[in-house]
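Listing of work_38.txt; format and content: compact mmCIF, C-alpha atoms.
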# COMPACT_ATOMS: atom_id res chain seq x y z
CA MET A 22 0.00 0.00 0.00
CA HIS A 23 3.05 2.26 -0.34
CA ILE A 24 2.00 5.16 -2.61
CA PRO A 25 4.80 6.00 -5.09
CA ASP A 26 5.78 9.48 -6.36
CA GLY A 27 3.37 10.94 -8.90
CA PHE A 28 0.17 9.33 -7.60
CA LEU A 29 -0.81 12.32 -5.44
CA ASP A 30 -1.16 15.94 -6.55
CA THR A 31 0.76 18.75 -4.83
CA LYS A 32 -2.03 19.98 -2.53
CA THR A 33 -2.74 16.46 -1.30
CA TRP A 34 0.84 15.39 -0.58
CA ILE A 35 1.69 18.71 1.10
CA GLY A 36 -1.49 18.52 3.18
CA MET A 37 -0.87 14.90 4.19
CA SER A 38 2.77 15.68 5.03
CA GLY A 39 1.61 18.50 7.32
CA ILE A 40 -0.94 16.30 9.10
CA SER A 41 1.63 13.53 9.57
CA LEU A 42 4.22 15.97 10.91
CA VAL A 43 1.74 17.09 13.59
CA PHE A 44 1.13 13.45 14.62
CA ILE A 45 4.88 12.68 14.61
CA GLY A 46 5.52 15.74 16.80
CA ILE A 47 2.89 14.61 19.31
CA ALA A 48 4.24 11.03 19.18
CA ILE A 49 7.75 12.28 20.04
CA ARG A 50 6.40 14.29 23.01
CA LYS A 51 4.26 11.43 24.32
CA THR A 52 7.09 8.91 23.92
CA ASN A 53 9.51 11.32 25.61
CA ARG A 54 7.19 11.47 28.64
CA ARG A 55 6.37 7.77 28.91
CA ILE A 56 9.40 5.85 27.67
CA THR A 57 11.29 3.64 30.13
CA GLU A 58 14.50 1.67 29.69
CA LYS A 59 12.42 -1.47 29.10
CA HIS A 60 10.73 0.11 26.08
CA ILE A 61 13.94 0.92 24.14
CA PRO A 62 14.99 -2.59 23.00
CA PHE A 63 11.35 -3.51 22.35
CA LEU A 64 10.95 -0.47 20.05
CA GLY A 65 14.00 -1.59 18.05
CA VAL A 66 12.88 -5.19 17.82
CA MET A 67 9.36 -4.26 16.70
CA ALA A 68 10.77 -1.94 14.00
CA ALA A 69 13.04 -4.75 12.75
CA PHE A 70 10.17 -7.28 12.82
CA VAL A 71 7.75 -5.04 10.94
CA PHE A 72 10.39 -4.21 8.31
CA ALA A 73 11.16 -7.91 7.79
CA ALA A 74 7.49 -8.93 7.72
CA GLN A 75 6.65 -6.21 5.18
CA MET A 76 9.18 -7.74 2.76
CA PHE A 77 7.09 -10.91 2.53
CA ASN A 78 4.19 -10.68 0.08
CA PHE A 79 1.59 -13.40 0.54
CA PRO A 80 -0.79 -14.33 -2.28
CA VAL A 81 -4.43 -13.40 -1.72
CA GLY A 82 -5.89 -14.80 -4.94
CA GLY A 83 -6.83 -13.21 -8.25
CA GLY A 84 -3.18 -12.51 -9.09
CA THR A 85 -2.82 -10.16 -6.14
CA SER A 86 -0.54 -10.22 -3.13
CA GLY A 87 -0.55 -8.42 0.18
CA HIS A 88 1.95 -7.75 2.89
CA PHE A 89 1.81 -7.33 6.64
CA MET A 90 1.37 -3.71 7.78
CA GLY A 91 2.16 -4.12 11.48
CA ALA A 92 0.81 -0.88 12.97
CA THR A 93 -1.92 -2.67 14.92
CA LEU A 94 0.45 -5.24 16.38
CA ILE A 95 2.80 -2.48 17.58
CA ALA A 96 -0.14 -0.45 18.93
CA ILE A 97 -1.47 -3.43 20.93
CA LEU A 98 1.98 -4.11 22.40
CA LEU A 99 3.41 -0.61 22.83
CA GLY A 100 0.56 1.85 22.27
CA PRO A 101 -0.58 4.00 19.32
CA TRP A 102 2.02 6.78 19.67
CA ALA A 103 4.88 4.29 19.69
CA SER A 104 3.27 2.73 16.64
CA ILE A 105 3.43 6.08 14.80
CA LEU A 106 7.10 6.50 15.72
CA ILE A 107 8.07 2.99 14.60
CA MET A 108 6.02 3.11 11.39
CA THR A 109 7.57 6.52 10.56
CA THR A 110 11.06 5.05 10.96
CA VAL A 111 10.26 1.94 8.88
CA LEU A 112 8.48 3.85 6.10
CA THR A 113 11.22 6.50 5.90
CA VAL A 114 13.97 3.86 5.54
CA GLN A 115 11.86 1.98 2.97
CA CYS A 116 11.38 5.20 0.99
CA LEU A 117 14.92 6.62 1.13
CA VAL A 118 16.96 3.41 0.94
CA PHE A 119 14.72 0.96 -0.94
CA GLN A 120 12.54 3.23 -3.10
CA ASP A 121 9.44 1.60 -1.61
CA GLY A 122 6.93 4.46 -1.52
CA GLY A 123 7.60 7.93 -2.94
CA ILE A 124 9.25 10.74 -1.04
CA THR A 125 6.39 13.12 -1.89
CA ALA A 126 3.92 10.47 -0.70
CA LEU A 127 5.82 9.72 2.53
CA GLY A 128 3.50 11.88 4.65
CA ALA A 129 0.44 10.17 3.19
CA ASN A 130 1.98 6.72 3.69
CA ILE A 131 2.83 7.55 7.32
CA PHE A 132 -0.73 8.81 7.87
CA ASN A 133 -2.39 5.79 6.20
CA MET A 134 -0.29 3.04 7.71
CA GLY A 135 1.09 4.61 10.91
CA VAL A 136 -1.62 6.96 12.18
CA VAL A 137 -4.80 5.30 10.85
CA GLY A 138 -3.42 1.77 11.22
CA GLY A 139 -2.10 2.36 14.73
CA PHE A 140 -5.02 4.29 16.20
CA TRP A 141 -7.86 2.24 14.73
CA GLY A 142 -6.00 -0.94 15.62
CA TYR A 143 -5.40 0.14 19.20
CA TYR A 144 -8.92 1.33 19.95
CA ILE A 145 -10.77 -1.45 18.14
CA SER A 146 -8.67 -4.02 19.98
CA ASN A 147 -9.45 -2.37 23.32
CA ILE A 148 -13.19 -2.03 22.56
CA VAL A 149 -13.46 -5.71 21.57
CA GLN A 150 -11.67 -6.69 24.78
CA VAL A 151 -14.29 -4.79 26.81
CA PHE A 152 -17.08 -6.92 25.31
CA VAL A 153 -15.26 -10.24 25.09
CA GLN A 154 -13.93 -10.93 28.54
CA ASP A 155 -12.16 -14.25 28.40
CA ARG A 156 -8.72 -15.65 27.56
CA LYS A 157 -9.34 -15.33 23.83
CA ALA A 158 -10.27 -11.63 23.98
CA ILE A 159 -6.80 -10.44 22.95
CA PHE A 160 -6.86 -12.70 19.87
CA ILE A 161 -10.40 -11.78 18.79
CA GLY A 162 -9.64 -8.10 19.41
CA GLY A 163 -6.27 -8.38 17.67
CA PHE A 164 -7.73 -10.03 14.58
CA ALA A 165 -10.64 -7.56 14.28
CA ALA A 166 -8.33 -4.60 14.86
CA ALA A 167 -5.76 -5.81 12.33
CA TRP A 168 -8.42 -6.39 9.67
CA CYS A 169 -10.04 -2.99 10.26
CA SER A 170 -6.67 -1.20 10.26
CA VAL A 171 -5.79 -2.54 6.79
CA VAL A 172 -9.22 -1.75 5.32
CA PHE A 173 -9.35 1.76 6.85
CA SER A 174 -5.79 2.49 5.71
CA ALA A 175 -6.73 1.38 2.18
CA LEU A 176 -9.82 3.61 2.29
CA CYS A 177 -7.69 6.61 3.29
CA CYS A 178 -5.29 5.81 0.45
CA ALA A 179 -8.23 5.63 -1.98
CA ILE A 180 -9.66 8.96 -0.74
CA GLU A 181 -6.25 10.63 -1.20
CA LEU A 182 -6.07 9.32 -4.78
CA GLY A 183 -9.61 10.57 -5.37
CA ILE A 184 -8.91 14.04 -3.89
CA SER A 185 -5.79 14.23 -6.09
CA GLY A 186 -7.97 13.69 -9.12
CA THR A 187 -5.91 10.65 -10.09
CA VAL A 188 -8.98 8.44 -10.30
CA PRO A 189 -12.69 8.99 -9.47
CA LEU A 190 -13.51 8.28 -5.82
CA LYS A 191 -16.55 6.11 -6.60
CA ILE A 192 -14.31 3.76 -8.58
CA VAL A 193 -11.18 3.62 -6.44
CA VAL A 194 -12.88 3.32 -3.01
CA PRO A 195 -14.71 0.01 -3.65
CA ALA A 196 -11.72 -1.40 -5.57
CA MET A 197 -9.24 -0.67 -2.78
CA ALA A 198 -11.65 -1.75 -0.02
CA GLY A 199 -12.45 -5.04 -1.79
CA ILE A 200 -8.83 -6.14 -2.29
CA HIS A 201 -7.72 -5.00 1.17
CA ALA A 202 -10.65 -6.74 2.86
CA VAL A 203 -8.93 -9.98 1.76
CA ILE A 204 -5.40 -8.76 2.61
CA GLY A 205 -6.71 -7.79 6.07
CA ILE A 206 -7.41 -11.45 6.84
CA GLY A 207 -3.69 -12.19 6.36
CA GLU A 208 -2.85 -9.21 8.60
CA GLY A 209 -5.21 -10.61 11.24
CA PHE A 210 -3.63 -14.07 11.22
CA ILE A 211 -0.04 -12.73 11.39
CA THR A 212 -1.07 -10.42 14.26
CA ILE A 213 -2.64 -13.16 16.38
CA ALA A 214 0.20 -15.61 15.58
CA THR A 215 2.76 -13.07 16.86
CA LEU A 216 0.64 -12.25 19.93
CA SER A 217 0.27 -15.95 20.66
CA LEU A 218 4.05 -16.48 20.43
CA LEU A 219 4.73 -13.51 22.72
CA ILE A 220 2.16 -14.68 25.29
CA ARG A 221 4.00 -18.01 25.45
CA VAL A 222 7.60 -16.75 25.59
CA ARG A 223 7.42 -13.23 27.09
CA PRO A 224 3.97 -12.52 28.61
CA ASP A 225 5.50 -9.65 30.62
CA LEU A 226 5.94 -7.62 27.41
CA LEU A 227 2.19 -7.36 26.98
CA LYS A 228 1.95 -5.65 30.38
CA LEU A 229 4.41 -2.86 29.52
CA GLN A 230 3.00 0.64 29.92
CA LYS A 231 1.54 1.77 26.59
CA ILE A 232 2.96 4.85 24.91
CA MET B 23 32.06 -3.82 34.19
CA GLU B 24 28.79 -4.48 32.36
CA SER B 25 25.94 -5.47 34.67
CA PRO B 26 24.47 -9.00 34.22
CA LYS B 27 21.04 -7.47 33.50
CA LYS B 28 22.37 -5.38 30.59
CA LYS B 29 24.33 -8.38 29.31
CA ASN B 30 21.14 -10.48 29.35
CA ILE B 31 19.25 -7.82 27.39
CA ALA B 32 22.08 -7.60 24.84
CA LEU B 33 22.10 -11.40 24.44
CA LEU B 34 18.33 -11.47 24.05
CA LEU B 35 18.50 -8.74 21.39
CA VAL B 36 21.16 -10.65 19.44
CA PHE B 37 18.96 -13.76 19.62
CA VAL B 38 15.79 -11.95 18.51
CA LEU B 39 17.57 -10.14 15.64
CA SER B 40 19.11 -13.43 14.50
CA PHE B 41 15.63 -14.97 14.59
CA ILE B 42 14.18 -12.14 12.46
CA ILE B 43 17.07 -12.33 9.97
CA GLY B 44 16.65 -16.12 9.83
CA LEU B 45 12.97 -15.58 9.15
CA VAL B 46 13.87 -13.34 6.17
CA PHE B 47 16.12 -16.05 4.70
CA LEU B 48 13.42 -18.66 5.28
CA ILE B 49 10.40 -16.86 3.87
CA LEU B 50 11.78 -14.60 1.13
CA PRO B 51 12.10 -17.39 -1.48
CA PHE B 52 8.35 -17.97 -1.07
CA THR B 53 7.29 -14.34 -1.43
CA SER B 54 4.61 -13.75 -4.05
CA GLN B 55 5.65 -11.91 -7.21
CA SER B 56 2.08 -10.76 -7.87
CA PRO B 57 1.34 -7.02 -7.56
CA ASP B 58 0.17 -5.81 -4.16
CA GLY B 59 -3.27 -4.32 -3.51
CA LEU B 60 -2.52 -0.74 -4.63
CA GLU B 61 -0.47 -1.89 -7.66
CA LYS B 62 -3.26 -4.26 -8.71
CA VAL B 63 -5.89 -1.53 -8.46
CA SER B 64 -3.74 1.06 -10.25
CA GLU B 65 -2.39 -1.18 -13.02
CA GLU B 66 -5.02 -3.79 -13.72
CA THR B 67 -8.33 -3.38 -11.92
CA ILE B 68 -8.89 0.26 -12.83
CA ALA B 69 -5.73 0.76 -14.93
CA PHE B 70 -5.34 4.43 -14.10
CA LEU B 71 -1.62 4.63 -13.53
CA LYS B 72 1.47 2.49 -13.79
CA LYS B 73 4.24 2.70 -11.23
CA GLU B 74 6.77 2.66 -14.06
CA ASP B 75 5.19 5.80 -15.56
CA PHE B 76 6.68 7.86 -12.76
CA LYS B 77 10.33 8.37 -12.03
CA PRO B 78 11.11 8.44 -8.32
CA LEU B 79 12.36 11.82 -7.11
CA VAL B 80 15.16 10.24 -5.07
CA ASN B 81 17.50 7.57 -6.39
CA ALA B 82 17.65 5.05 -3.57
CA PRO B 83 20.83 2.98 -3.05
CA MET B 84 18.89 -0.32 -2.98
CA PRO B 85 15.86 0.14 -5.27
CA ASP B 86 13.15 -2.51 -4.86
CA TYR B 87 15.22 -4.30 -2.20
CA THR B 88 18.06 -5.19 -4.58
CA ILE B 89 21.68 -4.11 -4.78
CA PRO B 90 22.29 -3.14 -8.44
CA ARG B 91 26.05 -3.87 -8.35
CA LEU B 92 25.55 -7.37 -7.01
CA LYS B 93 22.57 -8.23 -9.20
CA ASN B 94 22.80 -11.60 -10.96
CA ARG B 95 25.54 -12.77 -8.61
CA LEU B 96 23.67 -13.22 -5.34
CA ASP B 97 20.14 -13.12 -4.09
CA THR B 98 20.48 -9.47 -3.21
CA ARG B 99 16.98 -9.25 -1.72
CA GLN B 100 18.16 -11.12 1.35
CA ILE B 101 21.24 -8.93 1.78
CA ALA B 102 19.12 -5.80 1.29
CA GLY B 103 16.65 -7.20 3.83
CA ILE B 104 19.35 -7.68 6.46
CA ALA B 105 20.68 -4.16 5.80
CA GLY B 106 17.16 -2.77 6.26
CA ILE B 107 16.49 -4.75 9.43
CA LEU B 108 19.74 -3.58 11.03
CA ALA B 109 19.12 0.02 9.87
CA VAL B 110 15.60 0.34 11.31
CA PHE B 111 16.66 -1.48 14.49
CA GLY B 112 19.63 0.85 14.99
CA ILE B 113 17.69 4.03 14.20
CA MET B 114 14.81 3.07 16.50
CA ILE B 115 17.15 2.19 19.39
CA LEU B 116 18.93 5.52 18.89
CA ILE B 117 15.63 7.44 18.88
CA GLY B 118 14.48 5.58 22.00
CA PHE B 119 17.78 6.22 23.75
CA LEU B 120 17.73 9.96 22.88
CA LEU B 121 14.10 10.34 24.00
CA LYS B 122 14.89 8.61 27.29
CA LYS B 123 18.02 10.73 27.82
CA LYS B 124 16.17 14.00 27.23
CA GLN B 125 13.20 12.90 29.33
CA LYS B 126 11.37 15.66 31.19
CA ILE B 127 10.02 14.35 34.46

Would you give me this structure, written as structure tokens?
Amino acid sequence: MHIPDGFLDTKTWIGMSGISLVFIGIAIRKTNRRITEKHIPFLGVMAAFVFAAQMFNFPVGGGTSGHFMGATLIAILLGPWASILIMTTVLTVQCLVFQDGGITALGANIFNMGVVGGFWGYYISNIVQVFVQDRKAIFIGGFAAAWCSVVFSALCCAIELGISGTVPLKIVVPAMAGIHAVIGIGEGFITIATLSLLIRVRPDLLKLQKI
Amino acid sequence: MESPKKKNIALLLVFVLSFIIGLVFLILPFTSQSPDGLEKVSEETIAFLKKEDFKPLVNAPMPDYTIPRLKNRLDTRQIAGIAGILAVFGIMILIGFLLKKKQKI
């Protein structure tokens, strides 16, 4: 879902860059206030894991593939502001070193995958866990949150393309939502598989204070 | 002398990073070559734009996770992957360390 250069018009990419900069600024302040020594290695490991997982494209049928986004997983483990910080780091390295996503679209990519993915993922997971109160709540919440985060991120991407005048909104919105509704299932399974592994080997990490 | 706690964390980090790098070597050969969701929509489903129609504004050193100089000699995707993993890990640790150091209580 990395938007390359040329897909967004000037007003849209400048606007999205401004919005993302505001969120990154707040994320830095919140992290500065809440970070502890225990968080530091976990931030690095999650960034490395998300980068590695995003390199793997899994087939979703119809000659399409999808890749893990990771914002929801980070948000569940470390909180939504940490998710923005990690996704910003990963997306910036992908853009500048690997040409994955355009430099003019970096702000939009950070907003779609980091801000929307992280916040929706975090709050949907928490809301589900309020209603489902048993051992499986974290998995049901994690799966629902991961699926929603991918679909909502894709919808934001489609709206940005529509606002740019690249393609009519009424065409791009259903197309992006349809494909990413399938990709979201893969995101959900990877999220709960990782949560399940962490619960077995390091359950204490899930109790870290959220940023 | 380094405290045992810090040594344990360092060992754990080496183990986890090795695990992630191992994962890259294990899964990359099975990665799908099909276009991803946005590429599929832009190139085939609606066919409004092609990624190749636009030149990137910045020439990245490892475009599309390959190393141009080593192409055809090695599977450069895996080497590029390791470089990326170590880069994001290092940058994130540095950011975390700086934010902790400048913490306002």

So, counting all atoms listed in the file, which residue among A:Leu99, A:Ile211, A:Val66, A:Ile131 is closest to Phe41 of chain B?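 Nearest candidate to Phe41 of chain B out of A:Leu99, A:Ile211, A:Val66, A:Ile131: A:Val66.
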
Select all residues from chain A having any atom no more than 8 Å from an atom of chain B (counting only C-alpha atoms, ignoring ligands), output as a VMD selection string. chain A and resid 22 to 28 49 52 to 54 56 to 58 60 to 62 64 to 66 68 to 70 72 to 74 76 to 80 84 to 88 107 110 to 111 114 to 121 123 to 124 187 to 188 192 to 193 196 to 197 200 to 201 204

Residues around (-1.7, -5.7, 10.5), cut-off 10 Å, counting all atoms listed in the file - what are they as number ranges by chain? A: 71, 75, 88-95, 134, 138-139, 142, 163-172, 204-213

Have a look at atom CA of Ala179 of chain A and atom CA of Val194 of chain A and let me know their distance in Å, one decimal.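 Going from atom CA of Ala179 of chain A over to atom CA of Val194 of chain A covers 5.3 Å.
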
Quote the spacing between atom CA of Arg156 of chain A and atom CA of Pro101 of chain A in Å to one decimal place. 22.8 Å

Could you jot down the atom CA of Gly36 of chain A to atom CA of Ile105 of chain A separation for me, Å, one decimal place?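 Distance reported for this atom pair: 17.7 Å.
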
Within 10 Å of Asp30 of chain A, counting all atoms listed in the file, which residues qualify if same-chain residues fewer than 6 places away don't, as a count of residues only? 8

All file atoms of segment 78-89 of chain B boxed axis-aligned, 6 Å per side, centre plus edges, as lines of an AutoDock Vina configuration file:
center_x = 16.4
center_y = 3.3
center_z = -5.3
size_x = 22.6
size_y = 29.0
size_z = 18.1

Determine the nearest neighbour of Cys177 of chain A from the options A:Leu112, A:Ile47, A:Ala214, A:Met37, counting only C-alpha atoms.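 Looking at the shortest contact to Cys177 of chain A, the residue is A:Met37.
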